[in-house]
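The file run_31.csv contains CSV, C-alpha atoms:
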chain,number,residue,atom,x,y,z
A,363,MET,CA,0.0,0.0,0.0
A,364,THR,CA,1.3,3.5,-0.8
A,365,ASP,CA,1.1,6.4,1.5
A,366,ASP,CA,-1.8,7.9,-0.5
A,367,ASP,CA,-3.6,4.5,-0.3
A,368,ARG,CA,-3.3,4.6,3.5
A,369,VAL,CA,-4.6,8.2,3.7
A,370,PHE,CA,-7.6,7.4,1.5
A,371,LYS,CA,-8.4,4.2,3.4
A,372,ALA,CA,-8.1,6.1,6.7
A,373,LEU,CA,-10.5,8.8,5.5
A,374,ALA,CA,-13.0,6.3,4.1
A,375,ASP,CA,-14.5,5.6,7.5
A,376,PRO,CA,-17.0,7.9,9.2
A,377,THR,CA,-15.7,7.0,12.7
A,378,ARG,CA,-12.2,8.0,11.8
A,379,ARG,CA,-13.3,11.2,10.2
A,380,PHE,CA,-15.2,11.9,13.4
A,381,LEU,CA,-12.0,11.4,15.4
A,382,LEU,CA,-10.1,13.8,13.1
A,383,ASP,CA,-12.9,16.2,13.5
A,384,ARG,CA,-12.6,16.1,17.3
A,385,LEU,CA,-8.9,16.7,17.1
A,386,PHE,CA,-9.4,19.5,14.7
A,387,ALA,CA,-11.7,21.2,17.2
A,388,ARG,CA,-9.2,20.5,20.0
A,389,ASP,CA,-5.8,19.0,19.5
A,390,GLY,CA,-3.7,16.9,21.9
A,391,ARG,CA,-6.3,14.6,23.4
A,392,THR,CA,-6.0,11.3,25.4
A,393,LEU,CA,-7.6,8.1,24.3
A,394,THR,CA,-10.0,8.4,27.3
A,395,GLU,CA,-11.2,11.8,26.1
A,396,LEU,CA,-11.7,10.7,22.5
A,397,GLU,CA,-13.4,7.5,23.6
A,398,SER,CA,-15.9,9.5,25.8
A,399,GLU,CA,-17.4,11.0,22.6
A,400,LEU,CA,-18.0,7.8,20.8
A,401,GLU,CA,-20.4,4.9,21.5
A,402,MET,CA,-17.7,2.4,20.9
A,403,THR,CA,-15.4,0.2,23.0
A,404,ARG,CA,-12.0,1.4,24.0
A,405,PHE,CA,-10.5,-1.4,21.8
A,406,GLY,CA,-12.5,-0.2,18.8
A,407,VAL,CA,-11.4,3.4,19.2
A,408,MET,CA,-7.8,2.3,19.6
A,409,LYS,CA,-8.0,0.3,16.4
A,410,HIS,CA,-9.3,3.4,14.5
A,411,LEU,CA,-6.6,5.6,16.0
A,412,ARG,CA,-3.9,3.1,15.0
A,413,LEU,CA,-5.1,3.2,11.4
A,414,LEU,CA,-5.0,7.0,11.5
A,415,GLU,CA,-1.5,6.9,13.0
A,416,GLU,CA,-0.3,4.5,10.3
A,417,ALA,CA,-1.6,6.9,7.6
A,418,GLY,CA,0.3,9.7,9.3
A,419,LEU,CA,-3.0,11.6,10.0
A,420,VAL,CA,-2.6,11.3,13.8
A,421,VAL,CA,0.7,11.7,15.6
A,422,THR,CA,1.1,10.7,19.3
A,423,ARG,CA,3.3,12.3,21.9
A,424,ARG,CA,4.0,11.2,25.4
A,425,GLN,CA,3.5,13.9,28.1
A,426,GLY,CA,4.2,12.5,31.5
A,427,ARG,CA,2.1,9.5,32.0
A,428,GLU,CA,-0.3,10.4,29.2
A,429,LYS,CA,-0.3,9.7,25.5
A,430,LEU,CA,-1.7,12.6,23.6
A,431,HIS,CA,-3.1,12.4,20.0
A,432,TYR,CA,-2.5,15.2,17.6
A,433,LEU,CA,-4.0,15.9,14.2
A,434,ASN,CA,-1.3,16.0,11.4
A,435,PRO,CA,-2.9,17.6,8.4
A,436,VAL,CA,0.3,17.3,6.2
A,437,PRO,CA,-0.7,14.0,4.5
A,438,ILE,CA,-4.0,15.4,3.4
A,439,ARG,CA,-2.3,18.4,1.8
A,440,LEU,CA,0.2,16.1,0.1
A,441,VAL,CA,-2.6,14.0,-1.4
A,442,HIS,CA,-4.4,17.3,-2.5
A,443,ASP,CA,-1.3,18.8,-4.1
A,444,ARG,CA,0.0,15.8,-5.8
A,445,TRP,CA,-3.1,14.0,-6.8
A,446,ILE,CA,-6.3,16.0,-6.7
A,447,ASP,CA,-4.7,19.2,-8.1
A,448,LYS,CA,-4.0,17.3,-11.3
A,449,PHE,CA,-7.7,17.3,-12.0
A,450,THR,CA,-8.7,20.7,-10.8
A,451,GLU,CA,-5.9,22.4,-12.7
A,452,ARG,CA,-7.7,22.2,-16.0
A,453,ARG,CA,-10.8,23.9,-14.6
A,454,VAL,CA,-8.6,26.7,-13.2
A,455,SER,CA,-6.8,27.3,-16.5
A,456,ALA,CA,-10.2,27.2,-18.3
A,457,LEU,CA,-11.3,30.1,-16.0
A,458,THR,CA,-8.1,32.1,-16.6
A,459,ASP,CA,-8.6,31.6,-20.3
A,460,LEU,CA,-12.1,32.9,-20.0
A,461,LYS,CA,-10.9,35.9,-18.0
A,462,ARG,CA,-8.3,36.7,-20.7
A,463,GLN,CA,-10.8,36.4,-23.5
A,464,LEU,CA,-13.4,38.7,-21.7
A,465,GLU,CA,-10.7,41.2,-20.9
A,466,GLU,CA,-9.5,41.2,-24.5
A,467,GLU,CA,-13.0,41.7,-25.8
A,468,SER,CA,-13.6,44.7,-23.5
A,469,ALA,CA,-10.3,46.3,-24.3
B,1094,MET,CA,-21.6,9.4,17.7
B,1095,THR,CA,-23.3,12.7,17.2
B,1096,SER,CA,-22.0,13.7,13.8
B,1097,THR,CA,-20.0,12.3,11.0
B,1098,MET,CA,-19.5,15.6,9.2
B,1099,MET,CA,-16.3,17.5,9.2
B,1100,SER,CA,-16.9,20.6,11.2
B,1101,ASN,CA,-16.0,24.0,9.8
B,1102,ALA,CA,-16.1,25.5,13.3
B,1103,ALA,CA,-12.9,27.5,14.1
B,1104,PRO,CA,-10.5,25.2,15.9
B,1105,ASP,CA,-9.6,25.9,19.4
B,1106,ILE,CA,-6.0,27.0,18.7
B,1107,GLY,CA,-3.7,28.7,21.1
B,1108,THR,CA,-4.3,26.5,24.0
B,1109,THR,CA,-2.1,23.6,23.0
B,1110,THR,CA,0.8,22.3,21.0
B,1111,GLN,CA,0.7,21.8,17.3
B,1112,VAL,CA,2.4,18.7,15.9
B,1113,TYR,CA,3.2,18.2,12.2
B,1114,ARG,CA,5.0,15.3,10.6
B,1115,VAL,CA,6.2,14.5,7.1
B,1116,PHE,CA,8.2,11.7,5.5
B,1117,ILE,CA,10.9,12.9,3.1
B,1118,LYS,CA,13.1,10.9,0.8
B,1119,ALA,CA,16.4,12.5,2.0
B,1120,THR,CA,19.0,11.8,4.6
B,1121,PRO,CA,18.7,13.4,8.1
B,1122,GLN,CA,21.7,15.5,7.3
B,1123,LYS,CA,20.1,17.0,4.2
B,1124,ILE,CA,17.0,17.8,6.2
B,1125,TRP,CA,19.1,19.3,9.0
B,1126,ASP,CA,20.9,21.5,6.5
B,1127,ALA,CA,17.7,22.6,4.8
B,1128,ILE,CA,16.4,23.8,8.2
B,1129,THR,CA,19.6,25.4,9.6
B,1130,LYS,CA,21.6,26.7,6.6
B,1131,PRO,CA,20.7,30.1,5.0
B,1132,GLU,CA,21.5,28.9,1.4
B,1133,TRP,CA,18.7,26.3,2.0
B,1134,THR,CA,16.2,28.2,4.1
B,1135,GLN,CA,15.8,30.8,1.3
B,1136,LYS,CA,14.7,28.1,-1.1
B,1137,PHE,CA,11.4,26.9,0.5
B,1138,GLY,CA,8.5,28.1,2.5
B,1139,TYR,CA,8.6,31.8,3.3
B,1140,GLY,CA,12.2,31.9,2.1
B,1141,LEU,CA,13.8,33.7,5.0
B,1142,ARG,CA,17.5,33.9,5.3
B,1143,ASP,CA,18.0,32.0,8.6
B,1144,GLU,CA,21.1,32.5,10.7
B,1145,PHE,CA,21.7,30.1,13.6
B,1146,GLU,CA,24.3,29.9,16.3
B,1147,LEU,CA,23.9,26.2,16.8
B,1148,ARG,CA,24.7,25.9,20.5
B,1149,PRO,CA,22.6,26.2,23.6
B,1150,GLY,CA,21.9,29.9,24.2
B,1151,GLY,CA,22.9,30.7,20.6
B,1152,LYS,CA,21.0,33.4,18.6
B,1153,TYR,CA,18.5,32.6,15.9
B,1154,ARG,CA,17.5,35.3,13.4
B,1155,GLY,CA,15.4,35.0,10.2
B,1156,TYR,CA,16.0,37.9,7.9
B,1157,ALA,CA,13.8,39.3,5.2
B,1158,ASN,CA,14.1,37.9,1.6
B,1159,GLU,CA,14.2,40.0,-1.5
B,1160,GLY,CA,10.5,39.8,-2.1
B,1161,MET,CA,9.8,41.1,1.5
B,1162,LYS,CA,12.3,43.9,1.1
B,1163,ALA,CA,10.5,44.9,-2.1
B,1164,MET,CA,7.3,45.2,0.0
B,1165,GLY,CA,9.0,47.4,2.6
B,1166,MET,CA,9.7,44.6,5.1
B,1167,ASP,CA,13.4,44.5,6.0
B,1168,GLY,CA,15.7,43.2,8.7
B,1169,VAL,CA,14.7,40.6,11.3
B,1170,ILE,CA,11.4,38.9,10.6
B,1171,VAL,CA,11.6,36.1,13.2
B,1172,ASP,CA,13.9,35.7,16.2
B,1173,GLY,CA,14.7,33.3,18.9
B,1174,GLU,CA,17.3,31.3,20.8
B,1175,VAL,CA,18.7,27.8,20.4
B,1176,ILE,CA,18.0,25.6,23.4
B,1177,GLU,CA,19.4,22.3,22.2
B,1178,ALA,CA,21.2,21.5,18.9
B,1179,ASP,CA,22.0,17.8,18.2
B,1180,PRO,CA,22.8,17.6,14.5
B,1181,PRO,CA,21.3,16.0,12.5
B,1182,ARG,CA,18.6,14.7,14.9
B,1183,LYS,CA,17.2,17.3,17.1
B,1184,LEU,CA,16.8,21.1,17.3
B,1185,VAL,CA,15.0,22.8,20.1
B,1186,MET,CA,14.6,26.5,20.0
B,1187,THR,CA,12.5,29.5,20.9
B,1188,TRP,CA,10.7,31.3,18.1
B,1189,ARG,CA,8.8,34.5,17.7
B,1190,MET,CA,7.4,36.7,15.0
B,1191,ALA,CA,9.6,39.8,15.6
B,1192,ILE,CA,8.4,42.0,12.7
B,1193,ASP,CA,4.8,42.4,14.0
B,1194,PRO,CA,4.7,44.3,17.3
B,1195,SER,CA,1.5,42.6,18.5
B,1196,MET,CA,2.9,39.2,17.8
B,1197,ALA,CA,6.3,40.0,19.3
B,1198,ALA,CA,4.5,41.1,22.5
B,1199,GLU,CA,3.0,37.6,22.9
B,1200,GLY,CA,6.6,36.4,23.6
B,1201,PHE,CA,8.5,33.4,22.4
B,1202,THR,CA,7.1,30.0,21.5
B,1203,ARG,CA,9.0,26.8,21.8
B,1204,LEU,CA,9.8,24.9,18.6
B,1205,THR,CA,11.3,21.4,18.3
B,1206,TYR,CA,12.4,19.7,15.1
B,1207,GLU,CA,13.0,15.9,15.3
B,1208,ILE,CA,14.6,14.0,12.4
B,1209,GLU,CA,14.6,10.2,12.4
B,1210,GLU,CA,16.2,8.0,9.8
B,1211,GLY,CA,13.8,5.3,8.4
B,1212,ARG,CA,14.1,2.5,5.9
B,1213,GLY,CA,14.7,3.0,2.2
B,1214,GLY,CA,16.4,6.4,2.5
B,1215,VAL,CA,13.2,8.0,3.9
B,1216,SER,CA,13.5,10.2,7.0
B,1217,ARG,CA,10.8,11.3,9.3
B,1218,LEU,CA,10.6,15.0,10.2
B,1219,SER,CA,8.4,16.0,13.1
B,1220,VAL,CA,7.7,19.6,14.1
B,1221,ILE,CA,6.4,20.1,17.6
B,1222,HIS,CA,5.4,23.7,18.2
B,1223,ASP,CA,4.4,24.6,21.7
B,1224,LEU,CA,2.0,27.6,21.3
B,1225,ALA,CA,0.2,27.6,24.7
B,1226,GLY,CA,-0.9,31.1,25.5
B,1227,ARG,CA,0.3,32.5,22.1
B,1228,PRO,CA,-3.0,32.6,20.1
B,1229,GLY,CA,-1.6,35.0,17.4
B,1230,HIS,CA,1.3,32.7,16.7
B,1231,ALA,CA,-0.9,29.6,16.9
B,1232,ALA,CA,-3.3,31.1,14.2
B,1233,MET,CA,-0.4,32.1,12.0
B,1234,VAL,CA,1.5,28.7,12.0
B,1235,ALA,CA,-1.8,26.9,11.6
B,1236,GLY,CA,-2.3,28.8,8.3
B,1237,ASP,CA,-5.4,30.8,9.4
B,1238,LYS,CA,-4.0,34.2,8.7
B,1239,GLN,CA,-3.6,33.5,5.0
B,1240,GLY,CA,-7.3,33.3,4.4
B,1241,PRO,CA,-9.5,30.2,4.0
B,1242,GLY,CA,-8.2,27.6,1.6
B,1243,THR,CA,-5.0,29.3,0.7
B,1244,GLY,CA,-2.9,27.4,3.2
B,1245,GLY,CA,0.3,28.8,4.6
B,1246,GLY,CA,1.8,27.9,8.0
B,1247,TRP,CA,3.6,24.7,8.8
B,1248,ILE,CA,1.5,22.5,6.5
B,1249,TRP,CA,2.7,24.5,3.5
B,1250,ILE,CA,6.2,24.9,4.7
B,1251,LEU,CA,6.7,21.1,5.2
B,1252,ASP,CA,5.0,20.3,1.9
B,1253,ASP,CA,7.3,22.7,0.2
B,1254,LEU,CA,10.4,21.4,2.0
B,1255,LYS,CA,9.5,17.8,0.8
B,1256,SER,CA,9.2,19.1,-2.8
B,1257,LEU,CA,12.5,20.9,-2.6
B,1258,LEU,CA,14.5,17.9,-1.2
B,1259,GLU,CA,12.8,15.3,-3.4
B,1260,THR,CA,12.5,17.1,-6.7
B,1261,GLY,CA,15.0,19.9,-6.5
B,1262,SER,CA,12.5,22.7,-6.8
B,1263,SER,CA,10.0,24.0,-4.3
B,1264,LEU,CA,6.3,24.5,-4.9
B,1265,ALA,CA,6.7,28.2,-4.4
B,1266,GLN,CA,9.1,28.3,-7.3
B,1267,ASN,CA,6.7,26.4,-9.5
B,1268,VAL,CA,3.8,28.6,-9.0
B,1269,GLU,CA,3.2,30.7,-12.1
B,1270,TRP,CA,1.4,33.9,-11.3
B,1271,LYS,CA,-0.7,35.1,-14.2

Whole structure, structure tokens version:
Amino acid sequence: MTDDDRVFKALADPTRRFLLDRLFARDGRTLTELESELEMTRFGVMKHLRLLEEAGLVVTRRQGREKLHYLNPVPIRLVHDRWIDKFTERRVSALTDLKRQLEEESA
Amino acid sequence: MTSTMMSNAAPDIGTTTQVYRVFIKATPQKIWDAITKPEWTQKFGYGLRDEFELRPGGKYRGYANEGMKAMGMDGVIVDGEVIEADPPRKLVMTWRMAIDPSMAAEGFTRLTYEIEEGRGGVSRLSVIHDLAGRPGHAAMVAGDKQGPGTGGGWIWILDDLKSLLETGSSLAQNVEWK
């Protein structure tokens, strides 16, 4: 599996998107905090967090006795820049062409 | 679960640490040089000319690039002090936006770079930015000050650094302004 595959797979699940959403709202949370917002077993939440971590979307740091989870948005940007941009580029250049054409007409 | 939608609510920044991580196909030494040597720091991200005294207590200054000078911004843009320098693995420093008086008044933030060598010539770069009690800096490095959807901040800097080290040219250099 490539890095991109792991990101897409991680994002393909609503529970994992919800976990990212919670970290976006407030970063640096413990498993216990994240678990309290989901109707799911601790084991289930851990499994989802592990997949997010493998995709690089969540980074954990130890702080004292606690393990804190942080949202890492860099892989999403990389997927966007190197993969999705390829398809949106054409639309953007079509718009700049249109702009040029209209400006030339009004000149 | 109450919602499965990605919320657009403003994140609660400024109360915590921000952590960013990127995998780069480059040696730890190349990444270290890109972060600490002025000939490299000018090639990616905001393109500041960074000057480090790489020893505990050493000065750090990020100077304006040519584009900033053309806009009337000159001299020291960011400043700080080196806390720990362990090339090419770890750099701990303080960091502050010096050019903007309201930001400078917030005081220094604590910034840590960690570089770990992985398999297949790929290294892992982690940026840990402690921004507790520094909401202005937190918003800036999160990219918020650049306007929605336009990026900026650490995400963009690290994306750009990856491009520079893997392809030889940064994203900033590739953008063609029409």

Query raised in the report: Do you have the CA of Glu1159 (chain B)-CA of Ala1127 (chain B) distance handy?
Result: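 Value for the CA of Glu1159 (chain B)-CA of Ala1127 (chain B) distance: 18.8 Å.
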
Query raised in the report: region 370-379 of chain A: which residues within 7 Å, counting all atoms listed in the file, same-chain residues fewer than 3 positions away excluded, as a PyMOL selection string?
Result: (chain A and resi 366-367+382-383+410+413-414+417) or (chain B and resi 1097)

Requested in this report: Name the residues in contact with region 1214-1223 of chain B at a cut-off of 9 Å, using all atoms listed in the file, excluding same-chain residues fewer than 6 positions from it; report them as a VMD selection string.
Outcome: chain B and resid 1109 to 1121 1124 1202 to 1208 1231 1234 1247 1251

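We find CA of Pro1131 (chain B) and CA of Asn434 (chain A) to be spaced 26.9 Å apart.
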
Query raised in the report: What's the 9 Å shell around region 1182-1193 of chain B, counting all atoms listed in the file, without same-chain residues fewer than 3 positions away, as a PyMOL selection string?
Result: chain B and resi 1121-1122+1125+1147+1149+1153+1166-1179+1196-1210+1230

Query raised in the report: At what distance in Å, to one decimal, does CA of Thr1260 (chain B) lie from CA of Val421 (chain A)?
Result: 25.8 Å

Query raised in the report: Which of these, A:Val441, A:Leu400, A:Val369, A:Glu465, has the shortest distance to chain B once you count all atoms listed in the file?
Result: A:Leu400

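Minimum atom-to-atom distances from A:Asp459, A:Glu401, A:Glu466, A:Glu395 to chain B were compared using all atoms listed in the file, and the lowest value belongs to A:Glu401.
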
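Checking A:Arg368, A:Phe449, A:Thr422, A:Phe380 one by one against chain B, counting all atoms listed in the file, you find the shortest gap at A:Phe380.
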
Requested in this report: Kindly indicate which residue among A:Leu464, A:Leu381, A:Glu428, A:Glu399 lies nearest to Arg412 (chain A), using all atoms listed in the file for the distances.
Outcome: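 Smallest separation from Arg412 (chain A) among the options: A:Leu381.
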
Query raised in the report: Hey, which of A:Asp443, A:Phe405, A:Leu393, A:Arg423 ends up closest to Lys1255 (chain B)? Count all atoms listed in the file.
Result: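 Of A:Asp443, A:Phe405, A:Leu393, A:Arg423, the one nearest Lys1255 (chain B), counting all atoms listed in the file, is A:Asp443.
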